[in-house]
file input.cif (mmCIF, C-alpha atoms and all ligand atoms)
data_model
loop_
_atom_site.label_atom_id
_atom_site.label_comp_id
_atom_site.auth_asym_id
_atom_site.auth_seq_id
_atom_site.Cartn_x
_atom_site.Cartn_y
_atom_site.Cartn_z
CA MET Z 1 16.97 53.87 -52.83
CA THR Z 2 14.42 53.28 -50.08
CA GLU Z 3 14.90 55.43 -47.00
CA LEU Z 4 16.17 53.61 -43.94
CA LYS Z 5 13.44 53.11 -41.31
CA ASN Z 6 15.80 52.18 -38.48
CA ASP Z 7 19.18 53.96 -38.54
CA ARG Z 8 20.06 53.43 -34.86
CA PHE Z 9 23.02 51.20 -35.75
CA LEU Z 10 24.51 53.67 -38.26
CA ARG Z 11 23.95 56.57 -35.85
CA ALA Z 12 25.68 54.75 -32.97
CA LEU Z 13 28.67 53.96 -35.24
CA GLN Z 14 29.06 57.73 -35.74
CA ARG Z 15 28.48 58.33 -31.99
CA GLN Z 16 25.33 60.35 -32.72
CA PRO Z 17 22.43 60.29 -30.21
CA VAL Z 18 20.10 57.25 -30.26
CA ASP Z 19 16.98 56.27 -28.26
CA ARG Z 20 18.46 52.94 -27.18
CA THR Z 21 21.61 50.88 -27.75
CA PRO Z 22 21.44 49.09 -31.12
CA ILE Z 23 22.14 45.37 -31.27
CA TRP Z 24 23.10 42.69 -33.77
CA MET Z 25 24.97 39.39 -33.27
CA MET Z 26 28.05 38.09 -35.03
CA ARG Z 27 27.01 34.90 -36.87
CA GLN Z 28 23.35 35.73 -36.25
CA ALA Z 29 22.37 33.56 -39.23
CA GLY Z 30 23.52 30.04 -38.50
CA ARG Z 31 23.18 26.58 -37.10
CA TYR Z 32 21.60 27.49 -33.73
CA LEU Z 33 18.42 28.24 -35.76
CA PRO Z 34 16.38 25.21 -36.91
CA GLU Z 35 15.14 27.20 -39.94
CA TYR Z 36 18.79 27.76 -40.96
CA ARG Z 37 19.50 24.03 -40.77
CA ALA Z 38 16.45 23.36 -42.95
CA THR Z 39 17.48 25.89 -45.65
CA ARG Z 40 21.05 24.64 -45.52
CA LYS Z 41 19.80 21.09 -46.17
CA GLN Z 42 17.73 22.34 -49.11
CA ALA Z 43 20.77 24.17 -50.58
CA GLY Z 44 23.14 21.19 -50.35
CA SER Z 45 26.57 22.33 -49.21
CA PHE Z 46 27.41 25.49 -47.29
CA LEU Z 47 29.06 26.95 -50.42
CA ASP Z 48 25.96 26.17 -52.50
CA LEU Z 49 24.01 28.18 -49.95
CA CYS Z 50 26.42 31.13 -50.25
CA LYS Z 51 26.20 31.01 -54.05
CA ASN Z 52 22.39 30.96 -54.24
CA ALA Z 53 21.25 34.61 -53.83
CA GLU Z 54 17.64 33.70 -52.92
CA LEU Z 55 18.65 31.19 -50.26
CA ALA Z 56 21.48 33.40 -48.92
CA CYS Z 57 18.86 36.16 -48.63
CA GLU Z 58 16.45 33.78 -46.87
CA VAL Z 59 19.00 32.83 -44.16
CA THR Z 60 20.03 36.49 -43.73
CA MET Z 61 16.39 37.35 -42.97
CA GLN Z 62 15.73 34.43 -40.58
CA PRO Z 63 17.19 36.00 -37.39
CA LEU Z 64 15.40 39.29 -38.19
CA ARG Z 65 12.03 37.52 -38.23
CA ARG Z 66 12.64 36.16 -34.74
CA TYR Z 67 14.45 39.07 -33.09
CA PRO Z 68 14.26 42.88 -33.40
CA MET Z 69 17.89 43.23 -34.55
CA ASP Z 70 19.07 46.68 -35.62
CA ALA Z 71 21.19 45.39 -38.52
CA ALA Z 72 21.34 42.50 -40.99
CA ILE Z 73 24.64 40.90 -42.04
CA LEU Z 74 25.28 39.51 -45.48
CA PHE Z 75 25.25 35.72 -45.46
CA SER Z 76 28.54 34.60 -46.95
CA ASP Z 77 31.98 33.66 -45.66
CA ILE Z 78 35.38 35.29 -45.29
CA LEU Z 79 36.98 32.46 -47.28
CA THR Z 80 35.23 33.35 -50.57
CA VAL Z 81 38.23 35.57 -51.42
CA PRO Z 82 40.96 32.89 -51.12
CA ASP Z 83 38.60 30.55 -52.98
CA ALA Z 84 38.39 33.03 -55.89
CA LEU Z 85 42.20 33.40 -55.75
CA GLY Z 86 42.28 29.74 -56.75
CA LEU Z 87 42.89 27.75 -53.56
CA GLY Z 88 39.79 25.53 -53.79
CA LEU Z 89 37.67 25.92 -50.64
CA TYR Z 90 35.73 22.97 -49.25
CA PHE Z 91 34.22 22.00 -45.92
CA GLU Z 92 34.82 18.67 -44.24
CA GLU Z 93 31.90 17.85 -41.92
CA GLY Z 94 32.90 18.62 -38.33
CA GLU Z 95 36.41 19.78 -39.30
CA GLY Z 96 35.78 23.28 -40.60
CA PRO Z 97 37.09 24.93 -43.76
CA LYS Z 98 39.89 23.43 -45.89
CA PHE Z 99 41.83 24.44 -49.02
CA ARG Z 100 43.08 22.09 -51.73
CA LYS Z 101 46.19 24.29 -52.23
CA THR Z 102 48.25 26.36 -49.81
CA VAL Z 103 50.55 29.38 -50.19
CA ARG Z 104 54.00 28.69 -48.74
CA SER Z 105 56.45 29.90 -51.40
CA GLU Z 106 57.04 32.68 -53.95
CA ALA Z 107 55.88 30.24 -56.65
CA ASP Z 108 52.59 29.59 -54.79
CA LEU Z 109 52.08 33.33 -54.43
CA ALA Z 110 52.75 33.95 -58.13
CA ALA Z 111 50.29 31.19 -59.08
CA LEU Z 112 47.28 32.94 -57.44
CA ASN Z 113 44.58 34.21 -59.82
CA SER Z 114 44.30 37.95 -60.24
CA ILE Z 115 40.69 38.72 -59.43
CA LYS Z 116 38.06 41.42 -59.87
CA ALA Z 117 35.35 41.13 -57.24
CA ASP Z 118 32.53 42.24 -59.55
CA ASP Z 119 33.30 39.34 -61.89
CA ASP Z 120 34.95 36.64 -59.80
CA LEU Z 121 32.76 37.12 -56.73
CA ALA Z 122 29.62 38.18 -58.60
CA TYR Z 123 27.54 35.73 -56.54
CA VAL Z 124 28.33 37.74 -53.40
CA MET Z 125 27.22 40.99 -55.06
CA ASN Z 126 24.03 39.29 -56.26
CA ALA Z 127 23.32 38.24 -52.68
CA VAL Z 128 23.92 41.82 -51.45
CA ARG Z 129 21.49 43.26 -54.03
CA THR Z 130 18.86 40.60 -53.31
CA ILE Z 131 19.08 41.17 -49.54
CA ARG Z 132 18.89 44.99 -49.88
CA ALA Z 133 15.73 44.65 -51.95
CA GLU Z 134 14.18 42.23 -49.44
CA LEU Z 135 15.11 44.39 -46.43
CA ASN Z 136 13.23 47.27 -48.03
CA GLY Z 137 14.92 49.79 -45.72
CA GLU Z 138 13.92 48.08 -42.44
CA VAL Z 139 17.50 47.95 -41.09
CA PRO Z 140 20.94 48.54 -42.61
CA LEU Z 141 22.93 45.74 -44.24
CA ILE Z 142 26.47 44.98 -43.05
CA GLY Z 143 28.98 43.69 -45.60
CA PHE Z 144 32.18 42.02 -44.39
CA THR Z 145 35.57 40.56 -45.12
CA GLY Z 146 38.32 38.75 -43.27
CA SER Z 147 41.43 40.79 -42.51
CA PRO Z 148 44.42 40.03 -44.74
CA TRP Z 149 46.20 38.36 -41.81
CA THR Z 150 43.19 36.18 -40.93
CA LEU Z 151 42.76 35.13 -44.56
CA ALA Z 152 46.49 34.40 -44.75
CA THR Z 153 46.28 32.05 -41.75
CA TYR Z 154 43.82 29.82 -43.65
CA MET Z 155 45.73 30.14 -46.95
CA VAL Z 156 49.10 29.19 -45.48
CA GLU Z 157 47.85 26.52 -43.06
CA GLY Z 158 45.37 25.07 -45.58
CA GLY Z 159 42.55 25.28 -43.04
CA ALA Z 160 41.93 25.98 -39.37
CA SER Z 161 44.91 25.77 -37.03
CA LYS Z 162 45.59 25.61 -33.31
CA ASP Z 163 49.17 26.88 -33.21
CA PHE Z 164 49.54 28.75 -36.56
CA ALA Z 165 52.99 27.17 -36.91
CA ASN Z 166 53.25 27.56 -40.69
CA VAL Z 167 51.81 31.04 -41.04
CA LYS Z 168 53.66 32.50 -38.05
CA GLY Z 169 56.82 30.70 -39.09
CA MET Z 170 56.50 32.36 -42.49
CA ALA Z 171 55.80 35.81 -40.98
CA TYR Z 172 58.78 35.68 -38.64
CA ASP Z 173 61.22 33.84 -40.93
CA LYS Z 174 60.25 35.07 -44.43
CA PRO Z 175 58.69 38.48 -43.79
CA GLU Z 176 59.10 39.54 -47.43
CA LEU Z 177 57.06 36.61 -48.68
CA MET Z 178 54.43 37.27 -46.02
CA HIS Z 179 54.25 40.95 -46.91
CA GLY Z 180 53.85 39.98 -50.57
CA LEU Z 181 50.86 37.81 -49.68
CA LEU Z 182 49.36 40.41 -47.34
CA SER Z 183 49.71 43.21 -49.94
CA LEU Z 184 47.97 41.08 -52.53
CA LEU Z 185 45.19 40.31 -50.04
CA ALA Z 186 44.81 43.97 -49.01
CA ASP Z 187 44.31 44.92 -52.69
CA ALA Z 188 41.82 42.10 -53.26
CA VAL Z 189 39.89 42.90 -50.07
CA ALA Z 190 39.71 46.66 -50.79
CA ASP Z 191 38.26 45.88 -54.23
CA TYR Z 192 35.89 43.28 -52.69
CA LEU Z 193 34.57 45.74 -50.09
CA ALA Z 194 34.15 48.52 -52.64
CA ALA Z 195 32.11 46.11 -54.79
CA GLN Z 196 29.94 45.14 -51.78
CA ILE Z 197 29.35 48.82 -51.03
CA ARG Z 198 28.41 49.61 -54.63
CA ALA Z 199 26.01 46.63 -54.52
CA GLY Z 200 24.35 48.01 -51.36
CA ALA Z 201 26.31 47.26 -48.16
CA GLN Z 202 25.75 50.16 -45.70
CA ALA Z 203 28.48 49.35 -43.17
CA ILE Z 204 31.50 47.05 -43.23
CA GLN Z 205 33.01 44.77 -40.63
CA ILE Z 206 36.57 43.48 -40.97
CA PHE Z 207 36.85 40.17 -39.07
CA ASP Z 208 40.40 39.94 -37.75
CA THR Z 209 39.67 36.68 -36.00
CA TRP Z 210 43.30 35.61 -35.67
CA GLY Z 211 45.10 38.96 -35.20
CA GLY Z 212 45.30 38.16 -31.49
CA SER Z 213 47.58 35.19 -32.17
CA LEU Z 214 50.47 37.55 -33.00
CA SER Z 215 52.97 39.34 -30.75
CA ALA Z 216 52.31 43.03 -30.08
CA ALA Z 217 54.85 44.10 -32.69
CA GLY Z 218 53.77 41.34 -35.07
CA TYR Z 219 50.15 42.50 -34.84
CA LYS Z 220 51.05 46.00 -35.99
CA GLU Z 221 53.34 44.75 -38.75
CA PHE Z 222 51.25 41.89 -40.16
CA SER Z 223 47.65 42.67 -39.31
CA LEU Z 224 46.82 46.25 -38.33
CA LYS Z 225 48.90 47.85 -41.07
CA TYR Z 226 46.96 46.06 -43.81
CA MET Z 227 43.54 46.83 -42.31
CA GLN Z 228 44.65 50.46 -42.18
CA ARG Z 229 45.63 50.28 -45.85
CA ILE Z 230 42.19 48.91 -46.79
CA ILE Z 231 40.37 51.61 -44.81
CA SER Z 232 42.43 54.41 -46.37
CA ARG Z 233 41.62 53.01 -49.82
CA LEU Z 234 37.90 53.13 -49.00
CA GLN Z 235 38.24 56.64 -47.60
CA ALA Z 236 40.01 57.87 -50.75
CA ASP Z 237 37.09 56.94 -53.03
CA SER Z 238 33.88 59.01 -53.12
CA ASP Z 239 31.78 55.84 -53.68
CA THR Z 240 32.95 54.27 -50.43
CA GLN Z 241 34.19 57.02 -48.10
CA ASN Z 242 30.95 57.53 -46.16
CA ILE Z 243 30.48 53.87 -45.24
CA PRO Z 244 31.46 53.17 -41.61
CA VAL Z 245 33.98 50.41 -40.90
CA ILE Z 246 34.13 48.21 -37.79
CA VAL Z 247 37.42 46.47 -37.02
CA PHE Z 248 37.09 43.38 -34.83
CA THR Z 249 40.37 41.88 -33.67
CA LYS Z 250 39.66 38.92 -31.42
CA GLY Z 251 42.18 39.07 -28.59
CA GLY Z 252 43.06 42.68 -29.43
CA GLY Z 253 42.25 44.10 -25.99
CA GLN Z 254 45.90 44.95 -25.27
CA TRP Z 255 46.21 47.08 -28.41
CA LEU Z 256 43.06 49.20 -28.31
CA SER Z 257 44.74 52.59 -28.74
CA ALA Z 258 46.59 51.40 -31.84
CA ILE Z 259 43.42 49.84 -33.28
CA ALA Z 260 41.41 53.00 -32.59
CA GLY Z 261 43.94 54.92 -34.66
CA CYS Z 262 43.54 52.79 -37.80
CA GLY Z 263 40.78 54.94 -39.33
CA ALA Z 264 37.81 52.71 -38.47
CA GLN Z 265 34.65 54.30 -37.01
CA ALA Z 266 34.17 51.41 -34.57
CA VAL Z 267 36.26 48.85 -32.71
CA GLY Z 268 34.81 45.44 -31.86
CA ILE Z 269 35.97 44.02 -28.53
CA ASP Z 270 35.78 40.44 -27.28
CA TRP Z 271 34.56 39.48 -23.80
CA THR Z 272 38.04 39.43 -22.21
CA THR Z 273 38.11 43.24 -22.23
CA ASP Z 274 36.16 45.36 -19.72
CA ILE Z 275 34.00 47.66 -21.84
CA GLY Z 276 34.21 50.50 -19.31
CA VAL Z 277 38.01 50.37 -19.38
CA ALA Z 278 37.93 50.25 -23.20
CA ARG Z 279 35.68 53.31 -23.28
CA GLY Z 280 38.10 55.16 -21.01
CA GLN Z 281 40.93 54.35 -23.41
CA ILE Z 282 39.37 54.93 -26.83
CA GLY Z 283 35.69 55.85 -26.42
CA ASP Z 284 36.27 59.51 -27.28
CA SER Z 285 37.49 58.67 -30.76
CA VAL Z 286 35.56 55.58 -31.88
CA CYS Z 287 32.37 53.62 -31.26
CA LEU Z 288 32.73 50.34 -29.33
CA GLN Z 289 31.00 47.12 -30.37
CA GLY Z 290 30.50 44.15 -28.06
CA ASN Z 291 31.02 42.32 -25.84
CA MET Z 292 29.03 39.62 -24.03
CA ASP Z 293 30.72 36.23 -23.80
CA PRO Z 294 28.87 34.04 -26.36
CA SER Z 295 28.86 31.25 -23.76
CA MET Z 296 26.67 33.42 -21.50
CA LEU Z 297 23.83 32.35 -23.83
CA PHE Z 298 24.11 28.88 -22.28
CA ALA Z 299 23.10 30.40 -18.91
CA SER Z 300 19.52 31.13 -17.81
CA PRO Z 301 17.54 34.08 -19.22
CA THR Z 302 17.81 35.72 -15.77
CA ARG Z 303 21.61 35.42 -15.77
CA ILE Z 304 21.76 36.70 -19.37
CA ARG Z 305 19.72 39.77 -18.39
CA GLU Z 306 22.05 40.49 -15.45
CA GLU Z 307 25.04 40.31 -17.76
CA VAL Z 308 23.44 42.66 -20.30
CA ALA Z 309 22.70 45.10 -17.44
CA ALA Z 310 26.34 44.91 -16.29
CA ILE Z 311 27.72 45.59 -19.79
CA LEU Z 312 25.33 48.52 -20.35
CA ALA Z 313 26.32 49.99 -16.97
CA GLY Z 314 29.99 49.34 -17.76
CA PHE Z 315 29.76 51.40 -20.95
CA GLY Z 316 27.61 54.03 -19.19
CA HIS Z 317 25.60 56.93 -20.56
CA GLY Z 318 25.59 58.24 -24.10
CA SER Z 319 25.93 56.97 -27.63
CA GLY Z 320 28.87 55.14 -29.21
CA HIS Z 321 28.02 51.56 -28.20
CA VAL Z 322 26.71 48.83 -30.51
CA PHE Z 323 25.69 45.81 -28.43
CA ASN Z 324 26.95 42.47 -29.69
CA LEU Z 325 28.52 39.26 -28.48
CA GLY Z 326 32.29 39.20 -28.01
CA HIS Z 327 32.50 36.68 -30.89
CA GLY Z 328 30.12 34.61 -33.04
CA ILE Z 329 27.16 32.77 -31.51
CA THR Z 330 27.79 29.06 -30.80
CA PRO Z 331 25.73 26.43 -32.72
CA GLY Z 332 24.22 24.76 -29.59
CA VAL Z 333 22.52 27.88 -28.17
CA ASN Z 334 18.77 27.76 -27.43
CA PRO Z 335 17.08 30.37 -29.69
CA ASP Z 336 14.86 31.44 -26.76
CA HIS Z 337 17.96 32.56 -24.86
CA VAL Z 338 18.72 34.91 -27.75
CA THR Z 339 15.24 36.38 -27.27
CA ALA Z 340 16.13 37.08 -23.62
CA PHE Z 341 19.42 38.66 -24.71
CA VAL Z 342 17.92 40.97 -27.34
CA ASP Z 343 14.92 41.90 -25.18
CA ALA Z 344 17.23 42.81 -22.29
CA VAL Z 345 19.23 45.20 -24.48
CA GLN Z 346 16.01 46.76 -25.78
CA GLU Z 347 14.45 47.14 -22.35
CA LEU Z 348 17.45 48.13 -20.24
CA SER Z 349 19.33 50.47 -22.58
CA PRO Z 350 16.97 53.48 -23.07
CA GLN Z 351 17.86 54.85 -19.59
CA TYR Z 352 21.46 55.35 -20.84
CA HIS Z 353 20.30 57.58 -23.70
CA GLN Z 354 18.22 60.22 -21.91
CA ALA Z 355 19.39 63.79 -22.28
O1 LIG D 1 27.40 36.64 -39.15
C1 LIG D 1 26.65 36.12 -39.98
O2 LIG D 1 25.51 35.69 -39.71
C2 LIG D 1 27.09 36.10 -41.44
C3 LIG D 1 27.69 34.92 -41.91
C4 LIG D 1 29.12 34.53 -41.62
C5 LIG D 1 29.56 33.20 -41.78
N1 LIG D 1 30.90 33.16 -41.66
C6 LIG D 1 28.65 32.08 -42.08
C7 LIG D 1 29.13 30.71 -41.83
C8 LIG D 1 30.25 35.29 -41.31
C9 LIG D 1 30.36 36.77 -40.98
C10 LIG D 1 31.38 34.40 -41.35
C11 LIG D 1 32.77 34.83 -41.13
C12 LIG D 1 33.81 33.83 -40.90
N2 LIG D 1 34.00 32.64 -41.53
C13 LIG D 1 34.89 34.00 -40.00
C14 LIG D 1 35.14 35.21 -39.17
C15 LIG D 1 34.14 35.33 -38.10
C16 LIG D 1 34.51 34.74 -36.79
O3 LIG D 1 33.70 33.97 -36.29
O4 LIG D 1 35.56 35.10 -36.29
C17 LIG D 1 35.71 32.85 -40.08
C18 LIG D 1 36.95 32.56 -39.26
C19 LIG D 1 35.13 32.00 -41.06
C20 LIG D 1 35.67 30.69 -41.57
C21 LIG D 1 34.66 29.64 -41.32
N3 LIG D 1 33.57 29.44 -42.13
C22 LIG D 1 34.58 28.76 -40.22
C23 LIG D 1 35.59 28.67 -39.11
C24 LIG D 1 33.39 28.03 -40.38
C25 LIG D 1 32.80 27.02 -39.44
C26 LIG D 1 33.12 25.62 -39.82
C27 LIG D 1 32.30 24.65 -38.98
O5 LIG D 1 31.87 23.66 -39.56
O6 LIG D 1 32.08 24.92 -37.79
C28 LIG D 1 32.78 28.46 -41.56
C29 LIG D 1 31.51 27.98 -42.13
C30 LIG D 1 30.35 28.86 -41.84
N4 LIG D 1 30.34 30.18 -42.15
C31 LIG D 1 29.09 28.49 -41.29
C32 LIG D 1 28.31 29.64 -41.30
C33 LIG D 1 26.87 29.77 -40.88
C34 LIG D 1 28.66 27.09 -40.88
C35 LIG D 1 28.44 26.31 -42.11
C36 LIG D 1 27.39 25.22 -41.99
O7 LIG D 1 26.19 25.50 -42.23
O8 LIG D 1 27.77 24.07 -41.72
#

call {"tool": "encode", "arguments": {"input": "input.cif", "output": "structure tokens"}}
result
Amino acid sequence: MTELKNDRFLRALQRQPVDRTPIWMMRQAGRYLPEYRATRKQAGSFLDLCKNAELACEVTMQPLRRYPMDAAILFSDILTVPDALGLGLYFEEGEGPKFRKTVRSEADLAALNSIKADDDLAYVMNAVRTIRAELNGEVPLIGFTGSPWTLATYMVEGGASKDFANVKGMAYDKPELMHGLLSLLADAVADYLAAQIRAGAQAIQIFDTWGGSLSAAGYKEFSLKYMQRIISRLQADSDTQNIPVIVFTKGGGQWLSAIAGCGAQAVGIDWTTDIGVARGQIGDSVCLQGNMDPSMLFASPTRIREEVAAILAGFGHGSGHVFNLGHGITPGVNPDHVTAFVDAVQELSPQYHQA
């Protein structure tokens, strides 16, 4: 394997010294980039793009050509796993992801395919291998998954939801059925991540996008517990135990101590949490990732730079911070504002890493 030329991101995840704060952006490959929209058009549908290793590699590389990011993220989607389980994923223009089938009963649960990631999600592993070869050691490659709870929200609702009535109703009223679904997903996700790692992923992010919709007790029971199970599986296997894991629970700011105890090397925080306060709570045990409001990219470059300065000062001196947005970048952002964002982190962060 080629030696890594820039390991700032991996070092920061382990809270080892770095020369400046590393940065990448959730959803850094996507519709705010005109070159993404062009490749997407060429591919056909979004799923066609995910399934074509060369084109998935091309869109993974696009943000790296524009911006000096310290990591690449696999171009794929969290919903590839429920699709392989047999639910039939499709995208309705302007309405987001949808499934042809849902899981709302024991019979639905029993009807799911049993899957092996290396076979049933081979296209994802092909993309990982193609991207690793193309990166040629420039920066590390992040693999990812949705958390079992977040995947379950789409599988039970049949798509995106505002109130999560069906999935939360099931969790609170039929906890055994929900735990059956979550256990199945935790097994499938652990196998999926191990396959991504064997194919070349050098760090993993678990997107727990909808963990924050639960009550405090519900979060521990239905979301955190299953992420913990996945991480302990990875840590028990010599192939996967040295790969750092980032857990990002959107809306998880109230539960940071519990999240920091789940075994992950890093905790992603959204913009509603003060990063200095988060560091005081959990910064001695894990790395923090985040947390500029993605909507700040709609403000002027000057305002963006001020915000970057405030977040860097809020975290303070030393390693253990990976700069990111507090959630994925929004499609309407001007790509030049991203330049201002990334440049500000590069220029303003070295002063926090002097001995
Ligand atoms: O970060 C990256 O650059 C890697 C690619 C990535 C995508 N989806 C590409 C994508 C990642 C990490 C995801 C994860 C994902 N997918 C999440 C968790 C992340 C988060 O934001 O919390 C979720 C909830 C999904 C499910 C999903 N897939 C949604 C809600 C959508 C948007 C639907 C829409 O039309 O707005 C998708 C589709 C999707 N995934 C797009 C991209 C670039 C847009 C597809 C297009 O080109 O039209």

call {"tool": "closest_atom_pairs", "arguments": {"input": "input.cif", "of": "chain Z", "to": "ligand LIG 1 (chain D)", "cutoff": "9 Å", "atoms": "all atoms listed in the file", "output": "JSON lines"}}
result
{"residue": "Z:Met25", "atom": "CA", "partner": "D:LIG1", "partner_atom": "O1", "distance": 6.9}
{"residue": "Z:Met26", "atom": "CA", "partner": "D:LIG1", "partner_atom": "O1", "distance": 4.4}
{"residue": "Z:Arg27", "atom": "CA", "partner": "D:LIG1", "partner_atom": "O1", "distance": 2.9}
{"residue": "Z:Gln28", "atom": "CA", "partner": "D:LIG1", "partner_atom": "O2", "distance": 4.1}
{"residue": "Z:Ala29", "atom": "CA", "partner": "D:LIG1", "partner_atom": "O2", "distance": 3.8}
{"residue": "Z:Gly30", "atom": "CA", "partner": "D:LIG1", "partner_atom": "C33", "distance": 4.1}
{"residue": "Z:Arg31", "atom": "CA", "partner": "D:LIG1", "partner_atom": "O7", "distance": 6.0}
{"residue": "Z:Tyr36", "atom": "CA", "partner": "D:LIG1", "partner_atom": "O7", "distance": 7.8}
{"residue": "Z:Arg37", "atom": "CA", "partner": "D:LIG1", "partner_atom": "O7", "distance": 7.0}
{"residue": "Z:Arg40", "atom": "CA", "partner": "D:LIG1", "partner_atom": "O7", "distance": 6.2}
{"residue": "Z:Lys41", "atom": "CA", "partner": "D:LIG1", "partner_atom": "O7", "distance": 8.7}
{"residue": "Z:Ser45", "atom": "CA", "partner": "D:LIG1", "partner_atom": "O7", "distance": 7.7}
{"residue": "Z:Phe46", "atom": "CA", "partner": "D:LIG1", "partner_atom": "O7", "distance": 5.2}
{"residue": "Z:Leu47", "atom": "CA", "partner": "D:LIG1", "partner_atom": "C35", "distance": 8.4}
{"residue": "Z:Leu49", "atom": "CA", "partner": "D:LIG1", "partner_atom": "O7", "distance": 8.5}
{"residue": "Z:Cys50", "atom": "CA", "partner": "D:LIG1", "partner_atom": "C6", "distance": 8.5}
{"residue": "Z:Val59", "atom": "CA", "partner": "D:LIG1", "partner_atom": "O2", "distance": 8.4}
{"residue": "Z:Thr60", "atom": "CA", "partner": "D:LIG1", "partner_atom": "O2", "distance": 6.8}
{"residue": "Z:Pro63", "atom": "CA", "partner": "D:LIG1", "partner_atom": "O2", "distance": 8.6}
{"residue": "Z:Ala72", "atom": "CA", "partner": "D:LIG1", "partner_atom": "O2", "distance": 8.1}
{"residue": "Z:Ile73", "atom": "CA", "partner": "D:LIG1", "partner_atom": "C2", "distance": 5.4}
{"residue": "Z:Leu74", "atom": "CA", "partner": "D:LIG1", "partner_atom": "C2", "distance": 5.6}
{"residue": "Z:Phe75", "atom": "CA", "partner": "D:LIG1", "partner_atom": "C3", "distance": 4.4}
{"residue": "Z:Ser76", "atom": "CA", "partner": "D:LIG1", "partner_atom": "C3", "distance": 5.1}
{"residue": "Z:Asp77", "atom": "CA", "partner": "D:LIG1", "partner_atom": "N1", "distance": 4.2}
{"residue": "Z:Ile78", "atom": "CA", "partner": "D:LIG1", "partner_atom": "N2", "distance": 4.8}
{"residue": "Z:Leu79", "atom": "CA", "partner": "D:LIG1", "partner_atom": "C20", "distance": 6.1}
{"residue": "Z:Phe91", "atom": "CA", "partner": "D:LIG1", "partner_atom": "O5", "distance": 7.0}
{"residue": "Z:Glu92", "atom": "CA", "partner": "D:LIG1", "partner_atom": "O5", "distance": 7.5}
{"residue": "Z:Glu93", "atom": "CA", "partner": "D:LIG1", "partner_atom": "O5", "distance": 6.3}
{"residue": "Z:Gly94", "atom": "CA", "partner": "D:LIG1", "partner_atom": "O5", "distance": 5.3}
{"residue": "Z:Glu95", "atom": "CA", "partner": "D:LIG1", "partner_atom": "O5", "distance": 6.0}
{"residue": "Z:Gly96", "atom": "CA", "partner": "D:LIG1", "partner_atom": "C26", "distance": 3.6}
{"residue": "Z:Pro97", "atom": "CA", "partner": "D:LIG1", "partner_atom": "C26", "distance": 5.6}
{"residue": "Z:Gly143", "atom": "CA", "partner": "D:LIG1", "partner_atom": "C9", "distance": 8.4}
{"residue": "Z:Phe144", "atom": "CA", "partner": "D:LIG1", "partner_atom": "C9", "distance": 6.5}
{"residue": "Z:Thr145", "atom": "CA", "partner": "D:LIG1", "partner_atom": "C11", "distance": 7.5}
{"residue": "Z:Gly146", "atom": "CA", "partner": "D:LIG1", "partner_atom": "C14", "distance": 6.3}
{"residue": "Z:Thr150", "atom": "CA", "partner": "D:LIG1", "partner_atom": "C18", "distance": 7.4}
{"residue": "Z:Leu151", "atom": "CA", "partner": "D:LIG1", "partner_atom": "C18", "distance": 8.3}
{"residue": "Z:Tyr154", "atom": "CA", "partner": "D:LIG1", "partner_atom": "C20", "distance": 8.5}
{"residue": "Z:Gly159", "atom": "CA", "partner": "D:LIG1", "partner_atom": "C23", "distance": 8.7}
{"residue": "Z:Ala160", "atom": "CA", "partner": "D:LIG1", "partner_atom": "C23", "distance": 6.9}
{"residue": "Z:Gln205", "atom": "CA", "partner": "D:LIG1", "partner_atom": "C9", "distance": 8.4}
{"residue": "Z:Ile206", "atom": "CA", "partner": "D:LIG1", "partner_atom": "C14", "distance": 8.6}
{"residue": "Z:Phe207", "atom": "CA", "partner": "D:LIG1", "partner_atom": "C14", "distance": 5.2}
{"residue": "Z:Asp208", "atom": "CA", "partner": "D:LIG1", "partner_atom": "O4", "distance": 7.0}
{"residue": "Z:Thr209", "atom": "CA", "partner": "D:LIG1", "partner_atom": "O4", "distance": 4.4}
{"residue": "Z:Trp210", "atom": "CA", "partner": "D:LIG1", "partner_atom": "O4", "distance": 7.8}
{"residue": "Z:Phe248", "atom": "CA", "partner": "D:LIG1", "partner_atom": "O4", "distance": 8.5}
{"residue": "Z:Thr249", "atom": "CA", "partner": "D:LIG1", "partner_atom": "O4", "distance": 8.7}
{"residue": "Z:Lys250", "atom": "CA", "partner": "D:LIG1", "partner_atom": "O4", "distance": 7.4}
{"residue": "Z:His327", "atom": "CA", "partner": "D:LIG1", "partner_atom": "O3", "distance": 6.2}
{"residue": "Z:Gly328", "atom": "CA", "partner": "D:LIG1", "partner_atom": "O3", "distance": 4.9}
{"residue": "Z:Ile329", "atom": "CA", "partner": "D:LIG1", "partner_atom": "O3", "distance": 8.2}
{"residue": "Z:Pro331", "atom": "CA", "partner": "D:LIG1", "partner_atom": "O6", "distance": 8.3}

call {"tool": "residues_around", "arguments": {"input": "input.cif", "residues": "Thr240 in chain Z", "least_positions_apart": "2", "cutoff": "10 Å", "atoms": "all atoms listed in the file", "output": "PyMOL selection string"}}
result
chain Z and resi 193-198+201-203+231+233-238+242-244

call {"tool": "residues_around", "arguments": {"input": "input.cif", "residues": "range 129-140 of chain Z", "least_positions_apart": "5", "cutoff": "9 Å", "atoms": "all atoms listed in the file", "output": "JSON, numbers by chain"}}
result
{"Z": [1, 2, 3, 4, 5, 6, 7, 8, 9, 10, 53, 54, 56, 57, 58, 60, 61, 69, 70, 71, 72, 73, 74, 124, 196, 199, 200, 201, 202, 203]}

call {"tool": "residues_near_point", "arguments": {"input": "input.cif", "point": "(40.3, 56.1, -36.5)", "cutoff": "10 Å", "atoms": "all atoms listed in the file", "output": "list of chain:residue names"}}
result
Z:Gln228, Z:Ile231, Z:Val245, Z:Ser257, Z:Ala258, Z:Ile259, Z:Ala260, Z:Gly261, Z:Cys262, Z:Gly263, Z:Ala264, Z:Gln265, Z:Ala266, Z:Val267, Z:Ile282, Z:Ser285, Z:Val286, Z:Cys287
